[in-house]
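J.: The structure file model-v1.cif (mmCIF, C-alpha atoms) is provided below.
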data_data
loop_
_atom_site.label_atom_id
_atom_site.label_comp_id
_atom_site.auth_asym_id
_atom_site.auth_seq_id
_atom_site.Cartn_x
_atom_site.Cartn_y
_atom_site.Cartn_z
CA MET A 23 85.63 68.77 84.73
CA MET A 24 84.67 68.95 81.08
CA THR A 25 81.33 70.46 80.20
CA PRO A 26 80.02 70.65 76.64
CA THR A 27 80.42 74.44 76.60
CA ALA A 28 83.95 74.43 78.01
CA THR A 29 86.37 76.52 76.05
CA VAL A 30 89.74 75.02 75.31
CA LYS A 31 92.79 77.24 75.23
CA THR A 32 95.89 76.45 73.23
CA PHE A 33 99.38 77.66 74.15
CA THR A 34 102.94 76.41 74.25
CA ILE A 35 105.10 75.21 77.13
CA ASP A 36 108.83 75.17 76.37
CA GLY A 37 108.04 75.43 72.66
CA LYS A 38 105.62 72.49 72.48
CA PRO A 39 101.88 73.00 71.88
CA TYR A 40 99.38 72.08 74.63
CA SER A 41 95.75 72.77 75.43
CA ALA A 42 93.85 73.30 78.66
CA THR A 43 90.27 73.62 79.82
CA GLU A 44 89.17 76.71 81.65
CA ASP A 45 89.80 75.46 85.18
CA GLU A 46 93.29 74.07 84.62
CA THR A 47 96.38 75.91 85.77
CA ILE A 48 99.76 76.01 84.03
CA LEU A 49 101.04 73.59 86.67
CA ASP A 50 98.18 71.13 86.08
CA VAL A 51 98.94 70.98 82.36
CA ALA A 52 102.68 70.70 82.93
CA ARG A 53 102.31 67.86 85.43
CA GLU A 54 99.86 65.98 83.17
CA ASN A 55 102.44 66.10 80.42
CA GLY A 56 105.44 65.13 82.48
CA ILE A 57 107.01 68.60 82.60
CA ASP A 58 108.66 69.05 85.96
CA ILE A 59 108.10 72.35 87.78
CA PRO A 60 109.33 72.33 91.40
CA THR A 61 106.80 73.26 94.10
CA LEU A 62 106.66 73.32 97.88
CA CYS A 63 103.48 75.04 99.01
CA HIS A 64 101.29 73.50 96.31
CA LEU A 65 99.36 70.32 97.09
CA GLU A 66 96.62 68.81 95.00
CA GLY A 67 93.35 68.95 96.89
CA ILE A 68 93.91 72.26 98.67
CA LEU A 69 93.74 75.74 97.21
CA PRO A 70 96.93 77.14 95.63
CA THR A 71 98.29 80.29 97.24
CA GLY A 72 101.46 80.77 95.20
CA GLN A 73 103.44 81.69 98.28
CA CYS A 74 106.62 79.60 97.96
CA ARG A 75 107.41 81.12 94.53
CA LEU A 76 109.28 77.99 93.38
CA CYS A 77 106.92 77.33 90.49
CA MET A 78 107.50 80.72 88.89
CA VAL A 79 107.51 80.50 85.07
CA GLU A 80 108.26 82.99 82.33
CA ILE A 81 105.69 84.24 79.87
CA GLN A 82 107.25 85.34 76.59
CA GLY A 83 106.66 89.00 75.86
CA SER A 84 106.27 89.88 79.53
CA GLY A 85 109.22 90.39 81.87
CA ARG A 86 107.13 89.39 84.88
CA LEU A 87 107.27 85.88 86.30
CA VAL A 88 104.03 84.18 87.31
CA PRO A 89 103.37 81.28 89.71
CA ALA A 90 102.38 78.23 87.62
CA CYS A 91 100.22 76.81 90.44
CA ALA A 92 97.93 79.82 90.58
CA THR A 93 97.95 81.02 86.96
CA LYS A 94 95.67 79.81 84.22
CA PRO A 95 97.10 79.69 80.71
CA GLU A 96 95.69 82.05 78.12
CA GLU A 97 95.22 81.56 74.41
CA GLY A 98 98.51 81.89 72.55
CA MET A 99 100.67 82.12 75.68
CA GLU A 100 104.29 81.03 75.30
CA ILE A 101 105.35 79.62 78.65
CA VAL A 102 108.95 78.85 79.63
CA THR A 103 109.39 76.56 82.64
CA ASP A 104 113.14 76.21 82.71
CA ASN A 105 116.02 78.52 81.86
CA PRO A 106 119.09 79.86 83.68
CA ARG A 107 117.17 82.83 85.14
CA LEU A 108 114.44 80.62 86.63
CA ARG A 109 116.95 78.07 87.89
CA ASN A 110 118.91 80.85 89.59
CA TYR A 111 115.78 82.20 91.33
CA ARG A 112 114.62 78.76 92.41
CA LYS A 113 117.99 77.91 93.89
CA MET A 114 118.03 81.21 95.72
CA ILE A 115 114.56 80.60 97.18
CA VAL A 116 115.60 77.19 98.51
CA GLU A 117 118.83 78.61 99.94
CA LEU A 118 116.87 81.35 101.71
CA LEU A 119 114.54 78.73 103.17
CA PHE A 120 117.53 76.82 104.51
CA SER A 121 119.10 79.94 105.99
CA GLU A 122 115.91 81.06 107.72
CA ARG A 123 115.43 78.18 110.17
CA ASN A 124 117.43 75.16 111.35
CA HIS A 125 117.20 72.48 108.67
CA ILE A 126 119.62 69.79 109.78
CA CYS A 127 118.74 66.76 107.66
CA ALA A 128 121.02 64.34 109.53
CA VAL A 129 118.92 64.56 112.70
CA CYS A 130 115.50 65.10 111.11
CA VAL A 131 112.59 62.67 111.41
CA SER A 132 111.78 63.29 107.76
CA ASN A 133 115.29 62.78 106.38
CA GLY A 134 114.86 61.02 103.05
CA HIS A 135 111.13 61.80 102.90
CA CYS A 136 111.40 65.58 102.92
CA GLU A 137 110.19 67.73 100.04
CA LEU A 138 112.53 70.59 100.87
CA GLN A 139 115.44 68.16 100.80
CA SER A 140 114.41 66.59 97.50
CA VAL A 141 113.74 69.95 95.84
CA ALA A 142 117.18 71.13 96.99
CA GLN A 143 118.79 68.00 95.57
CA LYS A 144 116.94 68.33 92.28
CA LEU A 145 117.96 71.97 91.92
CA GLY A 146 121.56 71.16 92.77
CA VAL A 147 121.74 73.28 95.90
CA ASN A 148 125.12 72.21 97.26
CA HIS A 149 125.85 75.26 99.36
CA VAL A 150 123.98 78.20 100.85
CA ARG A 151 125.38 81.62 100.04
CA PHE A 152 123.44 83.38 102.83
CA ALA A 153 124.31 83.50 106.52
CA TYR A 154 122.17 81.15 108.62
CA LEU A 155 119.92 82.94 111.09
CA HIS A 156 119.94 80.03 113.57
CA PRO A 157 116.73 81.04 115.35
CA ARG A 158 115.82 79.21 118.56
CA PHE A 159 112.35 77.76 118.52
CA MET A 160 110.71 75.67 121.19
CA LEU A 161 109.18 72.34 120.31
CA ASP A 162 105.52 71.80 121.09
CA GLY A 163 104.99 68.23 122.18
CA SER A 164 101.82 68.88 124.16
CA HIS A 165 99.61 66.92 121.77
CA PRO A 166 99.28 63.22 122.70
CA LYS A 167 99.97 61.97 119.16
CA TYR A 168 101.86 64.65 117.27
CA GLU A 169 104.58 67.22 117.73
CA VAL A 170 105.62 70.43 116.01
CA ASP A 171 109.18 71.63 115.52
CA HIS A 172 109.13 75.17 114.14
CA ASN A 173 112.85 74.91 113.40
CA ARG A 174 111.91 72.77 110.40
CA CYS A 175 108.93 74.82 109.25
CA ILE A 176 109.08 76.58 105.88
CA LEU A 177 105.78 78.47 106.36
CA CYS A 178 104.24 76.91 103.24
CA GLY A 179 100.82 77.10 104.89
CA ARG A 180 99.71 73.62 103.81
CA CYS A 181 98.73 72.68 107.39
CA VAL A 182 96.75 75.90 107.73
CA ARG A 183 94.88 75.28 104.48
CA VAL A 184 94.17 71.57 104.97
CA CYS A 185 92.82 72.29 108.46
CA GLU A 186 90.56 75.05 107.20
CA GLU A 187 89.49 73.66 103.84
CA ILE A 188 89.30 69.91 104.37
CA GLU A 189 88.94 69.30 108.11
CA GLY A 190 86.96 72.53 108.59
CA ALA A 191 88.47 73.16 112.01
CA HIS A 192 90.79 76.10 111.21
CA THR A 193 92.88 75.28 114.26
CA ARG A 194 96.00 76.64 112.60
CA ASP A 195 96.94 79.98 111.21
CA LEU A 196 100.00 82.20 110.84
CA ARG A 197 100.85 84.83 113.42
CA ASN A 198 102.85 88.05 112.98
CA ARG A 199 104.51 88.87 109.67
CA GLY A 200 107.84 88.85 107.88
CA ILE A 201 110.68 87.11 109.65
CA ARG A 202 108.56 86.75 112.81
CA THR A 203 105.84 84.72 111.07
CA MET A 204 105.01 81.46 112.79
CA VAL A 205 102.39 78.72 112.50
CA ILE A 206 100.12 78.79 115.55
CA THR A 207 97.34 76.75 117.10
CA ASP A 208 94.29 78.81 118.18
CA PHE A 209 95.40 81.79 120.30
CA ASP A 210 98.99 80.56 120.15
CA THR A 211 97.83 77.89 122.62
CA PRO A 212 99.85 74.69 123.15
CA TRP A 213 98.61 72.17 120.59
CA GLY A 214 97.52 69.67 123.23
CA GLU A 215 95.26 72.25 124.88
CA SER A 216 93.55 73.34 121.67
CA PRO A 217 89.76 73.04 121.94
CA THR A 218 89.30 73.24 118.16
CA CYS A 219 91.83 70.58 117.06
CA THR A 220 90.13 67.31 116.18
CA GLY A 221 93.41 65.38 116.23
CA CYS A 222 92.82 64.17 112.66
CA GLY A 223 96.50 64.44 111.75
CA LYS A 224 95.99 65.76 108.22
CA CYS A 225 98.27 68.72 108.92
CA VAL A 226 101.03 66.30 109.91
CA HIS A 227 100.77 64.33 106.69
CA VAL A 228 100.60 67.30 104.32
CA CYS A 229 103.64 68.99 105.93
CA PRO A 230 106.46 68.89 103.36
CA THR A 231 109.22 68.74 106.00
CA GLY A 232 109.69 67.24 109.46
CA ALA A 233 108.11 70.27 111.17
CA LEU A 234 104.95 68.32 111.91
CA ALA A 235 105.51 64.70 112.83
CA GLU A 236 104.02 61.78 114.69
CA LYS A 237 105.47 61.23 118.11
CA GLY A 238 107.90 58.40 118.64
CA LYS A 239 109.48 58.61 115.19
CA SER A 240 113.25 58.59 115.02
CA VAL A 241 115.56 59.99 112.36
CA ALA A 242 114.29 59.34 108.82
CA GLU A 243 111.26 57.39 110.06
CA MET A 244 108.58 59.97 109.37
CA ALA A 245 107.24 59.24 105.89
CA LYS A 246 104.05 61.18 105.19
CA ARG A 247 100.86 59.52 103.94
CA ARG A 248 98.76 61.62 101.60
CA HIS A 249 96.58 59.15 99.72
CA PHE A 250 93.51 60.47 101.58
CA LEU A 251 93.75 63.99 100.24
CA PRO A 252 92.58 63.76 96.58
CA TYR A 253 89.69 61.56 97.74
CA LEU A 254 88.58 63.99 100.44
CA ALA A 255 88.94 66.94 98.10
CA LEU A 256 86.84 65.20 95.46
CA ARG A 257 84.10 64.36 97.96
CA ARG A 258 84.08 67.94 99.12
CA ARG A 259 83.46 69.15 95.57
CA GLY A 260 80.51 66.73 95.38
CA GLY A 261 82.20 64.09 93.21
CA LYS A 262 82.13 60.36 93.85
CA MET B 8 77.05 83.51 105.97
CA VAL B 9 74.29 83.57 108.56
CA ALA B 10 75.28 85.79 111.44
CA THR B 11 75.22 84.29 114.89
CA THR B 12 72.04 84.57 116.90
CA ARG B 13 73.76 83.24 120.00
CA LYS B 14 74.41 85.94 122.56
CA VAL B 15 77.98 85.94 123.76
CA ASN B 16 78.60 87.67 127.05
CA PRO B 17 81.53 90.08 127.42
CA PRO B 18 84.48 88.77 129.47
CA ASP B 19 83.56 90.90 132.51
CA GLY B 20 81.18 93.57 133.75
CA ASP B 21 83.26 96.48 132.38
CA ARG B 22 80.81 98.87 130.73
CA ARG B 23 83.31 99.67 127.98
CA TRP B 24 82.39 96.38 126.31
CA LYS B 25 79.17 98.16 125.23
CA ILE B 26 81.26 100.18 122.78
CA VAL B 27 82.80 97.03 121.33
CA GLU B 28 79.42 95.38 121.15
CA ALA B 29 77.99 98.39 119.33
CA THR B 30 80.71 98.11 116.69
CA MET B 31 79.90 94.47 116.07
CA ARG B 32 76.18 95.12 115.99
CA ARG B 33 76.66 97.95 113.51
CA HIS B 34 78.29 95.41 111.18
CA GLY B 35 75.57 92.82 111.77
CA TYR B 36 78.06 90.52 113.54
CA ALA B 37 79.56 89.70 110.12
CA SER B 38 82.95 87.99 110.16
CA THR B 39 84.27 90.83 107.99
CA ALA B 40 83.86 93.15 110.99
CA LEU B 41 86.93 91.60 112.64
CA ILE B 42 89.42 94.40 111.99
CA GLU B 43 86.87 97.08 112.79
CA THR B 44 86.09 95.36 116.11
CA LEU B 45 89.78 95.00 116.98
CA HIS B 46 90.19 98.74 116.32
CA SER B 47 87.30 99.42 118.65
CA ILE B 48 88.89 97.32 121.41
CA GLN B 49 92.30 98.93 120.89
CA GLU B 50 90.80 102.44 121.12
CA THR B 51 88.61 101.64 124.11
CA PHE B 52 91.00 99.61 126.25
CA GLY B 53 94.40 100.66 124.89
CA PHE B 54 95.29 97.06 124.13
CA VAL B 55 93.68 93.84 122.95
CA SER B 56 93.60 91.29 125.76
CA ARG B 57 93.38 87.53 125.36
CA ASP B 58 89.84 87.67 126.78
CA ALA B 59 88.94 90.30 124.20
CA LEU B 60 90.24 88.11 121.37
CA ASN B 61 88.16 85.23 122.64
CA TYR B 62 85.09 87.44 122.92
CA VAL B 63 85.49 88.64 119.33
CA ALA B 64 86.12 85.12 118.00
CA GLU B 65 82.99 83.79 119.66
CA SER B 66 80.79 86.77 118.83
CA LEU B 67 81.72 86.88 115.16
CA ASN B 68 82.08 83.11 114.73
CA ILE B 69 85.68 83.34 113.56
CA PRO B 70 88.22 80.61 114.37
CA PRO B 71 90.54 81.67 117.24
CA ALA B 72 93.65 81.05 115.12
CA LYS B 73 92.43 83.48 112.48
CA VAL B 74 91.61 86.20 115.02
CA PHE B 75 95.05 85.81 116.58
CA GLY B 76 96.68 85.85 113.14
CA VAL B 77 94.99 89.12 112.19
CA ALA B 78 95.61 90.77 115.58
CA THR B 79 99.34 89.98 115.42
CA PHE B 80 99.74 90.84 111.72
CA TYR B 81 99.07 94.54 112.26
CA ASN B 82 101.50 96.55 114.39
CA LEU B 83 98.72 98.85 115.51
CA PHE B 84 97.14 96.27 117.78
CA ASN B 85 98.89 95.78 121.12
CA LEU B 86 98.28 92.43 122.77
CA ASN B 87 99.76 93.66 126.04
CA PRO B 88 98.87 96.75 128.06
CA VAL B 89 101.11 99.68 127.21
CA GLY B 90 102.92 101.74 129.83
CA GLU B 91 102.05 105.22 131.06
CA HIS B 92 104.41 106.72 128.51
CA VAL B 93 105.00 105.40 125.03
CA PHE B 94 108.22 105.87 123.11
CA SER B 95 107.89 104.99 119.43
CA LEU B 96 110.85 104.78 117.13
CA CYS B 97 110.61 104.66 113.38
CA THR B 98 112.83 101.94 111.93
CA GLY B 99 111.87 102.52 108.32
CA THR B 100 114.66 102.62 105.75
CA ALA B 101 115.47 106.32 105.98
CA CYS B 102 115.40 106.40 109.80
CA TYR B 103 117.41 103.21 109.97
CA VAL B 104 120.13 104.64 107.76
CA LYS B 105 120.18 107.73 109.99
CA GLY B 106 120.90 105.66 113.08
CA ALA B 107 117.57 104.32 114.42
CA GLY B 108 119.28 100.95 114.87
CA GLU B 109 121.63 102.49 117.42
CA ILE B 110 118.65 103.82 119.36
CA VAL B 111 117.18 100.31 119.47
CA ASP B 112 120.45 99.15 121.07
CA PHE B 113 120.39 102.17 123.39
CA MET B 114 116.88 101.31 124.64
CA LYS B 115 118.07 97.80 125.40
CA GLU B 116 121.16 98.99 127.26
CA GLU B 117 119.59 101.92 129.09
CA PHE B 118 116.13 100.57 129.95
CA GLY B 119 116.39 96.86 129.16
CA LEU B 120 113.62 97.16 126.60
CA GLU B 121 113.27 95.23 123.36
CA PRO B 122 110.78 96.58 120.81
CA GLY B 123 107.23 96.00 122.06
CA GLN B 124 108.21 95.70 125.72
CA THR B 125 107.19 97.72 128.77
CA THR B 126 109.27 98.37 131.89
CA PRO B 127 108.22 96.24 134.89
CA ASP B 128 106.92 99.36 136.70
CA GLY B 129 104.54 100.02 133.79
CA LYS B 130 105.98 103.49 133.18
CA LEU B 131 107.56 103.18 129.75
CA THR B 132 106.74 101.24 126.61
CA PHE B 133 109.13 100.98 123.68
CA MET B 134 107.56 100.47 120.29
CA VAL B 135 108.96 100.48 116.80
CA ALA B 136 107.13 101.48 113.65
CA ARG B 137 108.02 100.38 110.13
CA CYS B 138 107.60 103.86 108.72
CA VAL B 139 105.64 106.79 110.06
CA GLY B 140 105.62 108.55 106.70
CA ALA B 141 107.86 111.43 107.77
CA CYS B 142 111.09 110.29 106.12
CA GLY B 143 112.11 113.91 105.55
CA LEU B 144 112.49 114.25 109.32
CA ALA B 145 114.57 111.07 109.67
CA PRO B 146 115.47 109.76 112.17
CA VAL B 147 111.99 110.08 113.65
CA MET B 148 110.91 109.22 117.20
CA ILE B 149 107.58 109.85 118.84
CA LEU B 150 107.51 110.72 122.53
CA ASP B 151 103.93 110.30 123.76
CA GLY B 152 102.54 111.55 120.47
CA GLU B 153 105.09 114.36 120.01
CA VAL B 154 107.06 113.81 116.82
CA VAL B 155 110.76 114.58 117.17
CA GLY B 156 113.02 114.40 114.16
CA LYS B 157 116.26 115.51 112.55
CA LEU B 158 118.44 114.87 115.60
CA SER B 159 121.77 113.11 115.71
CA VAL B 160 121.99 109.80 117.56
CA GLU B 161 123.63 111.50 120.56
CA GLU B 162 121.02 114.27 120.63
CA MET B 163 118.28 111.64 120.47
CA LYS B 164 119.75 109.79 123.45
CA ALA B 165 119.92 113.04 125.44
CA LYS B 166 116.34 113.92 124.51
CA ILE B 167 115.08 110.46 125.50
CA ARG B 168 116.84 110.66 128.90
CA GLU B 169 115.40 114.13 129.50
CA TRP B 170 111.90 113.04 128.48
CA VAL B 171 111.96 109.89 130.62
CA ASN B 172 112.99 111.90 133.69
CA HIS B 173 110.73 114.91 133.18
CA ASP B 174 107.99 113.83 135.60
CA LYS B 175 110.18 112.23 138.21
#
Represent the structure of the file as structure tokens.
T.:
Amino acid sequence: MMTPTATVKTFTIDGKPYSATEDETILDVARENGIDIPTLCHLEGILPTGQCRLCMVEIQGSGRLVPACATKPEEGMEIVTDNPRLRNYRKMIVELLFSERNHICAVCVSNGHCELQSVAQKLGVNHVRFAYLHPRFMLDGSHPKYEVDHNRCILCGRCVRVCEEIEGAHTRDLRNRGIRTMVITDFDTPWGESPTCTGCGKCVHVCPTGALAEKGKSVAEMAKRRHFLPYLALRRRGGK
Amino acid sequence: MVATTRKVNPPDGDRRWKIVEATMRRHGYASTALIETLHSIQETFGFVSRDALNYVAESLNIPPAKVFGVATFYNLFNLNPVGEHVFSLCTGTACYVKGAGEIVDFMKEEFGLEPGQTTPDGKLTFMVARCVGACGLAPVMILDGEVVGKLSVEEMKAKIREWVNHDK
């Protein structure tokens, strides 16, 4: 939102000059100008957490990488969004995501509509150099309309954030830490027995993979609908 | 945030809930008192029960999922009652290199315990710690609060067997 006193910062992305207002992130500016930075946990309308690390970009003069979704550009910054080092890291992140759970596209409800799948294709991930962990997770189909398959979860936290920030229910959160982290409902209660869940389904539609899906969908039938999100987010900020 | 004015009753008539209540009152029932309150429950009861989590969530007006997330994030909080005797093993880097992994396998073979589990008779609990900060003594194990270090894997096994049987 532009205000008369807003300061504009100028910087370069991949050698070309750009400018941003104070509340814009590197990712916002890049997307506006058609520069592609891959993301998985980021979703317009909910707060960025920078946890998937796919949108890491280089700042010239500093060896450290920063997440584009959660970093605001500064005056004179020289930002690099694509080079062999970044591509290598991004590929590795996606490979690690694949190795951590059971992502079998051929039998997934979201095959063809999956963000993990499309990011992997875009980055040219054609093999995974890490051993698969093959964990065994139970499905939770206790909710009348939706189901959760933790085997397909990438722990991006979108469902947790949309439930807390937009729906205001905070039915979901993450339990434990590290490799044992898992998305839970209330006190790790079956979803269908959750007293706080309003059954709105926003978590299902923001989920980048087939982890959260509507019941009754077969392979490749679960396309997510997200048109509601920018509108709800705008209303929440008091816009019209 | 306006603190709750609604009085939430403790899960049961146990007088120890007064201690937990005092902790929450001291922090004005603010949602930021969550960790402090969980500590209070852990110290008072030895573990954090499901009822206790519910009591805290309702008293401090914090969503259940968040309370559960915090309680499971920290290793210090036990969600299940611990046994009469507690065996803690450090599996930090130094201890791991010195053979702590083999002791984890040993506990499984000898007592059927995975990290965090208690024997069915409630006698022995097996816990692992990420690092107890005594890497110089690696591999470190803690037998009911007594720190034992610098033993070989075989010596550790012997010590554990001796300790487990000492009050039989």
J.: Kindly give the distance, in Å, that separates CA of Leu234 (chain A) and CA of Ala92 (chain A), rounded to a single decimal.
T.: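 It comes out at 25.2 Å.
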J.: Using all atoms listed in the file, find the one residue out of B:Gly76, B:Gly108, B:Pro122, B:Pro88 that sits nearest to Leu60 (chain B).
T.: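 Nearest to Leu60 (chain B): B:Gly76.
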J.: I need the contact residues of chain A against chain B, so if you could list those with any atom within 12 Å, counting all atoms listed in the file, and return them as an NGL selection string, that would help.
T.: :A and (182-183 or 185-186 or 190-213 or 216-219)
J.: Select, counting all atoms listed in the file, all protein, DNA and RNA residues no farther than 12 Å from (122.1, 76.4, 101.1) in file coordinates, and express the selection as JSON, numbers by chain.
T.: {"A": [112, 113, 114, 115, 116, 117, 118, 119, 120, 121, 122, 123, 124, 125, 126, 138, 139, 141, 142, 143, 145, 146, 147, 148, 149, 150, 151, 152, 153, 154]}
J.: So that I can check the surroundings of region 151-167 of chain B, please list as a list in words every protein, DNA and RNA residue that reaches within 7 Å of it, counting all atoms listed in the file and ignoring chain neighbours fewer than 3 positions away.
T.: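 The residues satisfying every condition are His92, Val93, Phe94, Gly106, Leu144, Ala145, Pro146, Val147, Met148, Trp170 and Val171 of chain B.
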J.: Take the residues just selected and output them with C-alpha atoms as a PDB file, in the coordinates of the input.
T.:
ATOM      1  CA  HIS B  92     104.410 106.720 128.510  1.00  0.00           C
ATOM      2  CA  VAL B  93     105.000 105.400 125.030  1.00  0.00           C
ATOM      3  CA  PHE B  94     108.220 105.870 123.110  1.00  0.00           C
ATOM      4  CA  GLY B 106     120.900 105.660 113.080  1.00  0.00           C
ATOM      5  CA  LEU B 144     112.490 114.250 109.320  1.00  0.00           C
ATOM      6  CA  ALA B 145     114.570 111.070 109.670  1.00  0.00           C
ATOM      7  CA  PRO B 146     115.470 109.760 112.170  1.00  0.00           C
ATOM      8  CA  VAL B 147     111.990 110.080 113.650  1.00  0.00           C
ATOM      9  CA  MET B 148     110.910 109.220 117.200  1.00  0.00           C
ATOM     10  CA  TRP B 170     111.900 113.040 128.480  1.00  0.00           C
ATOM     11  CA  VAL B 171     111.960 109.890 130.620  1.00  0.00           C
TER      12      VAL B 171
END
J.: Tell me which of B:Ile149, B:Ala29, B:Ala40, B:Leu131 sits closest to Val89 (chain B), counting all atoms listed in the file.
T.: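 Closest candidate: B:Leu131.
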J.: Can you translate the PyMOL selection byres ((chain A and resi 50) around 12) into the concrete residues it hits in this file, as an MDAnalysis selection string?
T.: chainID A and resid 40:49 51:59 61 64:66 70 77 89:95
J.: Could you give me, as a list in words, the residues that have an atom at most 7 Å away from the point (115.2, 100.0, 106.9) in the coordinates of the file, using all atoms listed in the file?
T.: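 Every residue inside that radius is included here: Thr98, Gly99, Thr100, Ala101, Tyr103 and Val104 of chain B.
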J.: As a check of understanding, name the residues that the PyMOL selection byres ((chain B and resi 46-51) around 9) selects in the supplied structure, as a list in words.
T.: Arg23, Trp24, Ile26, Val27, Thr30, Leu41, Ile42, Glu43, Thr44, Leu45, Phe52, Gly53, Phe54, Val55, Ser56, Ala59, Leu83, Phe84 and Asn85 of chain B
J.: Which of these residues is nearest to Pro166 (chain A), using only C-alpha atoms: A:Gly134, A:Gly238, A:Pro106, A:Gly67?
T.: A:Gly238
J.: Applying the PyMOL selection byres ((chain B and resi 96) around 6) to the file I just gave you, which residues come out? Please list them as a list in words.
T.: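 Evaluating the PyMOL selection byres ((chain B and resi 96) around 6) on this file yields Ser95, Cys97, Val135 and Met148 of chain B.
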J.: For C-alpha atoms, I'd like the residues from the last selection saved as an mmCIF file, in the frame of the given file.
T.:
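What ended up in part_31.cif:
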data_model
loop_
_atom_site.group_PDB
_atom_site.id
_atom_site.type_symbol
_atom_site.label_atom_id
_atom_site.label_comp_id
_atom_site.auth_asym_id
_atom_site.auth_seq_id
_atom_site.Cartn_x
_atom_site.Cartn_y
_atom_site.Cartn_z
ATOM 1 C CA SER B 95 107.890 104.990 119.430
ATOM 2 C CA CYS B 97 110.610 104.660 113.380
ATOM 3 C CA VAL B 135 108.960 100.480 116.800
ATOM 4 C CA MET B 148 110.910 109.220 117.200
#
J.: For a test of reading the model, state the distance in Å between CA of Ala136 (chain B) and CA of Phe118 (chain B), rounded to one decimal.
T.: 18.6 Å
J.: Report, in Å to a single decimal, how far apart CA of Tyr253 (chain A) and CA of Lys224 (chain A) are.
T.: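 Pair CA of Lys224 (chain A) / CA of Tyr253 (chain A) returns 12.9 Å.
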J.: What are the centre and the three edge lengths of an axis-aligned box that wraps all atoms of region 80-83 of chain B in the file, given that 5 Å is added to every side, written as lines of an AutoDock Vina configuration file and rounded to one decimal in Å?
T.:
center_x = 100.1
center_y = 94.8
center_z = 113.6
size_x = 12.8
size_y = 18.0
size_z = 13.8
J.: Please determine, counting only C-alpha atoms, which residue among B:Gly90, B:Lys115, B:Glu109, B:Gly143 has the shortest atom-to-atom distance to Asp128 (chain B).
T.: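 So, comparing all the options, the nearest one is B:Gly90.
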